[in-house]
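target33.txt (compact mmCIF, C-alpha atoms and all ligand atoms)
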# COMPACT_ATOMS: atom_id res chain seq x y z
CA MET A 1 24.23 28.81 16.59
CA ASN A 2 24.50 29.90 12.94
CA ASP A 3 23.91 33.55 12.01
CA VAL A 4 20.32 34.63 12.55
CA LEU A 5 18.83 36.70 9.71
CA HIS A 6 18.18 40.35 10.56
CA ASP A 7 14.68 40.27 9.09
CA TYR A 8 11.85 39.40 11.44
CA TYR A 9 8.94 37.16 10.44
CA TYR A 10 5.38 37.14 11.70
CA VAL A 11 3.45 34.09 12.79
CA HIS A 12 -0.15 34.11 13.88
CA PRO A 13 -0.27 32.78 17.49
CA SER A 14 -2.55 29.93 16.39
CA ASP A 15 0.27 28.68 14.12
CA VAL A 16 2.60 28.02 17.05
CA HIS A 17 2.28 24.51 18.46
CA ASN A 18 4.62 23.13 21.06
CA ASN A 19 8.01 23.77 19.51
CA ALA A 20 6.86 24.22 15.93
CA ILE A 21 5.97 27.32 13.94
CA MET A 22 4.08 27.25 10.67
CA LEU A 23 5.08 30.25 8.55
CA ARG A 24 2.44 31.08 6.00
CA GLY A 25 1.69 33.31 3.01
CA ASP A 26 3.84 36.37 2.44
CA GLU A 27 6.05 35.53 5.40
CA CYS A 28 6.95 32.19 3.85
CA ILE A 29 7.38 33.68 0.38
CA HIS A 30 9.71 36.35 1.73
CA LEU A 31 11.82 33.79 3.56
CA VAL A 32 12.06 31.20 0.82
CA LYS A 33 11.69 33.10 -2.46
CA VAL A 34 13.08 36.53 -1.62
CA LYS A 35 15.74 35.60 0.93
CA ARG A 36 16.31 32.20 -0.67
CA CYS A 37 16.63 30.51 2.70
CA ALA A 38 16.99 26.77 2.81
CA PRO A 39 16.28 24.36 5.66
CA GLY A 40 18.79 24.96 8.44
CA ALA A 41 18.55 28.78 8.30
CA PHE A 42 18.05 30.57 11.60
CA ILE A 43 15.35 33.19 11.78
CA THR A 44 13.50 35.38 14.29
CA VAL A 45 9.75 35.11 14.45
CA VAL A 46 7.30 37.25 16.43
CA ASP A 47 3.65 36.53 17.11
CA GLY A 48 2.35 40.06 17.75
CA ILE A 49 1.24 39.22 21.29
CA GLY A 50 4.65 39.55 22.90
CA ASN A 51 6.51 36.35 21.99
CA GLU A 52 9.73 36.38 20.05
CA TYR A 53 11.26 33.12 18.86
CA THR A 54 14.60 32.14 17.45
CA ALA A 55 13.75 29.30 15.11
CA VAL A 56 15.33 27.12 12.50
CA LEU A 57 13.70 26.51 9.13
CA GLN A 58 12.97 22.78 9.00
CA LYS A 59 10.88 22.06 5.97
CA ILE A 60 9.46 24.01 3.02
CA ILE A 61 6.06 22.46 2.41
CA ASP A 62 4.99 24.55 -0.58
CA ARG A 63 5.18 28.15 -1.85
CA ASN A 64 2.98 29.34 1.01
CA SER A 65 3.99 27.30 4.00
CA ALA A 66 7.09 26.22 5.84
CA VAL A 67 7.72 24.60 9.20
CA CYS A 68 10.28 25.98 11.65
CA SER A 69 11.31 24.64 15.02
CA ILE A 70 11.77 26.87 18.04
CA ILE A 71 15.23 27.06 19.59
CA GLN A 72 14.64 29.89 22.07
CA SER A 73 11.81 32.13 23.11
CA ARG A 74 11.66 35.50 24.83
CA HIS A 75 8.77 37.53 26.14
CA LYS A 76 8.33 41.17 25.09
CA PRO A 77 11.90 42.04 24.16
CA ASN A 78 12.24 45.57 22.77
CA GLU A 79 8.84 46.59 24.10
CA PRO A 80 8.64 49.89 25.99
CA PHE A 81 7.64 49.69 29.63
CA VAL A 82 5.21 52.56 29.21
CA ASN A 83 1.96 52.21 27.32
CA VAL A 84 1.53 55.03 24.88
CA MET A 85 -1.79 55.62 23.16
CA LEU A 86 -2.02 57.97 20.20
CA ILE A 87 -5.26 59.68 19.28
CA ALA A 88 -4.65 60.94 15.75
CA ALA A 89 -7.09 62.95 13.66
CA LEU A 90 -7.48 61.63 10.13
CA ILE A 91 -5.33 63.51 7.63
CA LYS A 92 -5.11 63.43 3.86
CA GLY A 93 -3.18 61.20 1.49
CA ASP A 94 -0.62 58.77 2.77
CA ARG A 95 0.31 60.95 5.72
CA PHE A 96 -1.88 58.94 8.06
CA ASP A 97 -0.04 55.78 6.90
CA TYR A 98 3.17 57.54 7.89
CA ILE A 99 1.79 58.29 11.36
CA ILE A 100 0.94 54.61 11.83
CA GLU A 101 4.30 53.38 10.63
CA LYS A 102 6.32 55.76 12.78
CA ALA A 103 4.10 55.45 15.85
CA VAL A 104 4.52 51.68 15.78
CA GLU A 105 8.28 51.90 15.27
CA LEU A 106 8.57 54.30 18.18
CA GLY A 107 6.66 51.99 20.53
CA VAL A 108 3.02 53.14 20.63
CA ASN A 109 0.59 50.43 21.78
CA LEU A 110 -2.75 51.77 20.64
CA ILE A 111 -3.61 54.11 17.79
CA VAL A 112 -7.09 55.62 17.68
CA PRO A 113 -7.88 57.32 14.37
CA VAL A 114 -10.42 60.05 15.01
CA PHE A 115 -12.72 62.27 13.07
CA SER A 116 -12.64 65.80 14.44
CA GLU A 117 -14.37 69.03 13.45
CA ARG A 118 -11.73 70.27 11.00
CA CYS A 119 -10.84 66.94 9.40
CA VAL A 120 -10.73 67.20 5.63
CA ARG A 121 -10.50 63.46 5.10
CA MET A 122 -13.78 61.58 5.35
CA PRO A 123 -13.98 58.80 7.93
CA GLY A 124 -15.27 56.27 5.37
CA GLY A 125 -12.09 56.50 3.32
CA HIS A 126 -9.92 54.55 5.72
CA LYS A 127 -8.52 51.12 5.09
CA ALA A 128 -8.30 48.95 8.20
CA ASP A 129 -6.50 46.13 6.37
CA ARG A 130 -3.96 48.50 4.89
CA TRP A 131 -3.27 50.08 8.29
CA ARG A 132 -2.85 46.66 9.87
CA ARG A 133 -0.34 45.67 7.17
CA ILE A 134 1.62 48.87 7.75
CA ALA A 135 1.61 48.26 11.52
CA LEU A 136 2.69 44.63 11.04
CA SER A 137 5.56 45.62 8.81
CA ALA A 138 6.64 48.39 11.23
CA MET A 139 6.48 45.94 14.16
CA LYS A 140 8.88 43.57 12.38
CA GLN A 141 11.10 46.40 11.11
CA SER A 142 11.54 47.77 14.63
CA HIS A 143 12.02 44.31 16.17
CA ARG A 144 8.95 44.62 18.35
CA SER A 145 6.97 41.57 19.43
CA VAL A 146 3.64 43.27 20.07
CA LEU A 147 1.41 44.31 17.21
CA PRO A 148 -0.22 47.56 18.31
CA THR A 149 -3.97 47.82 18.00
CA ILE A 150 -5.43 50.27 15.52
CA SER A 151 -8.99 50.87 16.56
CA GLU A 152 -11.96 51.71 14.39
CA VAL A 153 -12.26 55.36 13.42
CA GLU A 154 -14.23 57.12 16.14
CA SER A 155 -15.26 60.62 17.01
CA PHE A 156 -12.77 62.81 18.82
CA LEU A 157 -15.21 63.04 21.72
CA ASP A 158 -15.51 59.24 22.07
CA ALA A 159 -11.71 58.88 22.03
CA VAL A 160 -11.31 61.58 24.67
CA ASN A 161 -13.97 59.94 26.83
CA TYR A 162 -12.28 56.56 26.47
CA ALA A 163 -8.88 58.03 27.39
CA SER A 164 -10.36 59.61 30.48
CA SER A 165 -11.78 56.25 31.57
CA ILE A 166 -8.35 54.60 31.73
CA ASN A 167 -5.53 55.19 34.19
CA SER A 168 -3.60 57.66 32.07
CA LEU A 169 -1.79 60.94 31.76
CA ARG A 170 -3.23 62.88 28.85
CA ILE A 171 -1.82 65.51 26.55
CA ILE A 172 -3.28 67.30 23.57
CA LEU A 173 -0.84 68.82 21.10
CA GLU A 174 -1.41 72.48 20.45
CA ASN A 175 1.02 75.02 19.09
CA VAL A 176 -0.20 78.08 20.94
CA SER A 177 -0.53 78.97 24.61
CA ALA A 178 0.41 75.53 25.82
CA VAL A 179 2.95 74.05 28.24
CA PRO A 180 6.16 73.01 26.48
CA LEU A 181 6.17 69.19 26.23
CA LYS A 182 9.73 69.16 27.56
CA ARG A 183 8.62 70.90 30.76
CA TYR A 184 5.53 68.69 31.11
CA LEU A 185 7.65 65.54 30.86
CA ALA A 186 10.34 66.88 33.20
CA GLU A 187 7.70 67.24 35.91
CA LEU A 188 6.61 63.60 35.60
CA SER A 189 7.76 61.25 38.31
CA LEU A 190 8.59 58.24 36.22
CA ASP A 191 8.78 55.77 39.12
CA THR A 192 5.35 56.60 40.43
CA PHE A 193 4.09 56.59 36.91
CA ILE A 194 5.44 53.12 36.16
CA GLU A 195 4.36 51.66 39.52
CA LYS A 196 0.86 52.91 38.96
CA GLY A 197 0.82 51.28 35.52
CA ARG A 198 -0.39 54.45 33.88
CA SER A 199 -0.58 54.99 30.15
CA ILE A 200 0.31 58.19 28.37
CA VAL A 201 -2.27 59.41 25.87
CA ALA A 202 -1.30 61.95 23.22
CA ALA A 203 -3.78 63.58 20.84
CA VAL A 204 -2.73 65.21 17.57
CA GLY A 205 -5.03 67.31 15.41
CA PRO A 206 -5.81 67.39 11.67
CA GLU A 207 -4.42 69.81 9.05
CA GLY A 208 -6.64 72.60 10.33
CA GLY A 209 -5.94 71.86 13.99
CA PHE A 210 -8.40 71.21 16.81
CA THR A 211 -11.16 73.74 17.42
CA GLU A 212 -11.06 75.77 20.62
CA GLU A 213 -14.12 73.83 21.75
CA GLU A 214 -12.37 70.47 21.22
CA ILE A 215 -9.38 71.66 23.21
CA GLN A 216 -11.65 72.83 26.02
CA THR A 217 -13.51 69.50 25.98
CA ALA A 218 -10.22 67.63 26.26
CA LYS A 219 -9.15 69.87 29.12
CA THR A 220 -12.33 69.03 31.03
CA LYS A 221 -11.19 65.38 30.72
CA SER A 222 -7.81 66.20 32.28
CA PHE A 223 -5.84 66.59 29.07
CA THR A 224 -3.00 69.11 29.33
CA ALA A 225 -2.37 71.19 26.21
CA VAL A 226 1.30 70.87 25.33
CA SER A 227 3.48 72.54 22.72
CA LEU A 228 6.39 71.29 20.66
CA GLY A 229 7.69 74.80 20.09
CA THR A 230 6.65 77.86 18.13
CA ARG A 231 6.80 76.32 14.69
CA ARG A 232 3.56 75.09 13.16
CA LEU A 233 4.25 71.46 12.31
CA ARG A 234 2.32 69.16 10.04
CA SER A 235 0.18 66.70 11.99
CA ASP A 236 2.40 63.75 11.08
CA THR A 237 5.56 65.62 12.11
CA ALA A 238 3.94 66.65 15.39
CA ALA A 239 2.83 63.07 16.15
CA VAL A 240 6.31 61.67 15.54
CA ALA A 241 8.06 64.47 17.46
CA ALA A 242 5.78 64.05 20.48
CA ILE A 243 6.01 60.25 20.66
CA SER A 244 9.73 60.42 20.17
CA ALA A 245 10.09 62.92 23.04
CA ILE A 246 7.89 60.77 25.31
CA MET A 247 9.84 57.59 24.54
CA THR A 248 13.20 59.28 24.93
CA HIS A 249 12.09 60.72 28.26
CA CYS A 250 10.74 57.40 29.54
CA GLU A 251 13.44 55.08 28.20
CA GLY A 252 16.49 57.34 28.09
N1 LIG B 301 -4.47 75.00 12.55
C1 LIG B 301 -3.39 75.15 13.39
C2 LIG B 301 -2.93 76.56 13.31
O1 LIG B 301 -3.48 77.32 12.58
O2 LIG B 301 -1.97 76.91 13.97
C3 LIG B 301 -2.23 74.16 13.04
C4 LIG B 301 -2.59 72.77 12.85
S1 LIG B 301 -1.16 71.76 12.66
C5 LIG B 301 -0.87 71.87 10.96
C6 LIG B 301 -1.81 70.15 12.90
C7 LIG B 301 -1.69 69.61 14.30
O3 LIG B 301 -0.35 69.33 14.61
C8 LIG B 301 -2.19 70.49 15.41
O4 LIG B 301 -3.58 70.34 15.63
C9 LIG B 301 -1.40 70.01 16.61
O5 LIG B 301 -2.02 68.89 17.22
C10 LIG B 301 -0.08 69.58 16.00
N2 LIG B 301 0.96 70.61 16.05
C11 LIG B 301 1.50 71.29 15.01
N3 LIG B 301 2.48 72.11 15.43
C12 LIG B 301 2.57 71.95 16.76
C13 LIG B 301 3.40 72.50 17.78
N4 LIG B 301 4.34 73.41 17.50
N5 LIG B 301 3.20 72.11 19.04
C14 LIG B 301 2.25 71.19 19.36
N6 LIG B 301 1.45 70.63 18.43
C15 LIG B 301 1.60 71.00 17.16

Just give me the structure of the file as structure tokens.
Ligand code: SAM
Amino acid sequence: MNDVLHDYYYVHPSDVHNNAIMLRGDECIHLVKVKRCAPGAFITVVDGIGNEYTAVLQKIIDRNSAVCSIIQSRHKPNEPFVNVMLIAALIKGDRFDYIIEKAVELGVNLIVPVFSERCVRMPGGHKADRWRRIALSAMKQSHRSVLPTISEVESFLDAVNYASSINSLRIILENVSAVPLKRYLAELSLDTFIEKGRSIVAAVGPEGGFTEEEIQTAKTKSFTAVSLGTRRLRSDTAAVAAISAIMTHCEG
């Protein structure tokens, strides 16, 4: 087989038929105009629902569409075996974009943006399309085959209630009087955890942190307050540090 390009391309699952893939829009433009690929080039394509294909570019139809044929397929390569859900309070500027990008790269499956008591950013200001584009790009960048879901913005309480309704271990990040995350993870029995198909849910607060009442509410829903150390981190740093520690612990 010829060299396969390092870049990954996205195909909507409805554009995969038998052994053929129709690459459309930006994906096609990137392949043909930016990478200047010609028929015969080998590429990797993912469909966001767990399928990864090695394919060969067969025919460039026009600027926005090209047909590729599938040589090999794999199911869920590079996907973590633990489901991690991130509940993240909305934060200002492009820092929430950063949380999405890094959470997807690190292997999170579900991101729930929440509006909590001390959020400065208004819930109406979010951009679902923009977040999806960031997640899509991060999925390809990290060679994942599953496009994580980014839910609608909901209240912190709704997210906590949802988390408590699923088979999950739950942590809420807090920088004072909490169990060190390292100790919390060390006490997890990974085998039992995996056999039981449990998810891990992590909640990170906004710039001003969670209120005491929010933390107590989460605790009544079996969230454990965990700390990443004595330093007061920005929300985006805390989210990345926590997910990274969880993934490292679970995957080695
Ligand atoms: N208002 C809080 C205070 O006065 O200490 C700090 C909020 S911090 C800027 C934003 C969020 O990041 C917190 O709600 C928490 O979820 C997370 N966070 C920051 N530092 C942390 C740490 N050392 N351990 C665990 N979580 C932390």

Using only C-alpha atoms and all ligand atoms, what does the table of chain A residues within 10 Å of ligand LIG 301 (chain B) look like, with each row giving the shortest atom pair and its distance in Å to one decimal, sorted by chain and ascending number, as a tab-separated table?
residue	atom	partner	partner_atom	distance
A:Ile87	CA	B:LIG301	O5	10.0
A:Ala88	CA	B:LIG301	O5	8.5
A:Ala89	CA	B:LIG301	O4	8.4
A:Ile91	CA	B:LIG301	C6	9.2
A:Arg118	CA	B:LIG301	N1	8.8
A:Ile171	CA	B:LIG301	O5	9.9
A:Ile172	CA	B:LIG301	O5	6.7
A:Leu173	CA	B:LIG301	N6	4.0
A:Glu174	CA	B:LIG301	N6	4.0
A:Asn175	CA	B:LIG301	N5	3.6
A:Val176	CA	B:LIG301	N5	7.1
A:Ser177	CA	B:LIG301	N5	9.6
A:Ala178	CA	B:LIG301	C14	8.0
A:Val179	CA	B:LIG301	C14	9.4
A:Pro180	CA	B:LIG301	N5	8.1
A:Leu181	CA	B:LIG301	C14	8.2
A:Ala202	CA	B:LIG301	O5	9.2
A:Ala203	CA	B:LIG301	O5	6.7
A:Val204	CA	B:LIG301	O5	3.8
A:Gly205	CA	B:LIG301	O4	3.4
A:Pro206	CA	B:LIG301	C6	5.0
A:Glu207	CA	B:LIG301	C5	4.5
A:Gly208	CA	B:LIG301	N1	3.9
A:Gly209	CA	B:LIG301	O4	3.3
A:Phe210	CA	B:LIG301	O4	5.0
A:Thr211	CA	B:LIG301	N1	8.4
A:Ile215	CA	B:LIG301	O4	9.6
A:Ala225	CA	B:LIG301	C14	8.3
A:Val226	CA	B:LIG301	C14	6.1
A:Ser227	CA	B:LIG301	N5	3.7
A:Leu228	CA	B:LIG301	N5	3.7
A:Gly229	CA	B:LIG301	N4	4.5
A:Thr230	CA	B:LIG301	N4	5.1
A:Arg231	CA	B:LIG301	N4	4.7
A:Arg232	CA	B:LIG301	N3	3.9
A:Leu233	CA	B:LIG301	N3	3.6
A:Arg234	CA	B:LIG301	C5	4.3
A:Ser235	CA	B:LIG301	O3	3.7
A:Asp236	CA	B:LIG301	O3	7.2
A:Thr237	CA	B:LIG301	O3	7.4
A:Ala238	CA	B:LIG301	N2	5.0
A:Ala239	CA	B:LIG301	C10	7.1
A:Ala241	CA	B:LIG301	C14	9.1
A:Ala242	CA	B:LIG301	C14	8.0

Original post:
Neighbours of region 136-148 of chain A within 9 Å (all atoms listed in the file; same-chain residues fewer than 2 positions away dropped), as number ranges by chain?
Top reply: A: 7-10, 45-52, 75-79, 100-111, 131-134, 150

Generate the output file for the selected residues, C-alpha atoms, as an mmCIF file, in the frame of the given file.
data_model
loop_
_atom_site.group_PDB
_atom_site.id
_atom_site.type_symbol
_atom_site.label_atom_id
_atom_site.label_comp_id
_atom_site.auth_asym_id
_atom_site.auth_seq_id
_atom_site.Cartn_x
_atom_site.Cartn_y
_atom_site.Cartn_z
ATOM 1 C CA ASP A 7 14.680 40.270 9.090
ATOM 2 C CA TYR A 8 11.850 39.400 11.440
ATOM 3 C CA TYR A 9 8.940 37.160 10.440
ATOM 4 C CA TYR A 10 5.380 37.140 11.700
ATOM 5 C CA VAL A 45 9.750 35.110 14.450
ATOM 6 C CA VAL A 46 7.300 37.250 16.430
ATOM 7 C CA ASP A 47 3.650 36.530 17.110
ATOM 8 C CA GLY A 48 2.350 40.060 17.750
ATOM 9 C CA ILE A 49 1.240 39.220 21.290
ATOM 10 C CA GLY A 50 4.650 39.550 22.900
ATOM 11 C CA ASN A 51 6.510 36.350 21.990
ATOM 12 C CA GLU A 52 9.730 36.380 20.050
ATOM 13 C CA HIS A 75 8.770 37.530 26.140
ATOM 14 C CA LYS A 76 8.330 41.170 25.090
ATOM 15 C CA PRO A 77 11.900 42.040 24.160
ATOM 16 C CA ASN A 78 12.240 45.570 22.770
ATOM 17 C CA GLU A 79 8.840 46.590 24.100
ATOM 18 C CA ILE A 100 0.940 54.610 11.830
ATOM 19 C CA GLU A 101 4.300 53.380 10.630
ATOM 20 C CA LYS A 102 6.320 55.760 12.780
ATOM 21 C CA ALA A 103 4.100 55.450 15.850
ATOM 22 C CA VAL A 104 4.520 51.680 15.780
ATOM 23 C CA GLU A 105 8.280 51.900 15.270
ATOM 24 C CA LEU A 106 8.570 54.300 18.180
ATOM 25 C CA GLY A 107 6.660 51.990 20.530
ATOM 26 C CA VAL A 108 3.020 53.140 20.630
ATOM 27 C CA ASN A 109 0.590 50.430 21.780
ATOM 28 C CA LEU A 110 -2.750 51.770 20.640
ATOM 29 C CA ILE A 111 -3.610 54.110 17.790
ATOM 30 C CA TRP A 131 -3.270 50.080 8.290
ATOM 31 C CA ARG A 132 -2.850 46.660 9.870
ATOM 32 C CA ARG A 133 -0.340 45.670 7.170
ATOM 33 C CA ILE A 134 1.620 48.870 7.750
ATOM 34 C CA ILE A 150 -5.430 50.270 15.520
#

**OP:** Grab the CA of Ile243 (chain A) to CA of Ile99 (chain A) distance for me, in Å with one decimal place.
**Re:**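 Spanning CA of Ile243 (chain A) to CA of Ile99 (chain A) is a straight-line distance of 10.4 Å.
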
Subject >> Distance of CA of Ile200 (chain A) from CA of Leu157 (chain A), expressed in Å to one decimal place >> reply: 17.6 Å

Subject >> Of the listed residues A:Val160, A:Val32, A:Arg183, A:Asp3, that which approaches Ile60 (chain A) most closely, counting all atoms listed in the file >> reply: A:Val32

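Put simply, CA of Lys182 (chain A) is 7.7 Å away from CA of Ala245 (chain A).
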
Original post:
Closest to Ala163 (chain A) among A:Ile43, A:Asn19, A:Phe223, A:Thr149, using only C-alpha atoms?
Top reply: A:Phe223

As AutoDock Vina command-line options, please: the centre and edge lengths in Å, to one decimal, of an axis-aligned box enclosing every listed atom of region 20-36 of chain A with 3 Å added on each side.
--center_x 9.0 --center_y 30.4 --center_z 6.7 --size_x 20.6 --size_y 18.3 --size_z 24.4

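Remark: for Val84 (chain A), the closest of the candidate residues A:Val16, A:Ala38, A:Ala218, A:Val201 is A:Val201 (distances computed over all atoms listed in the file).
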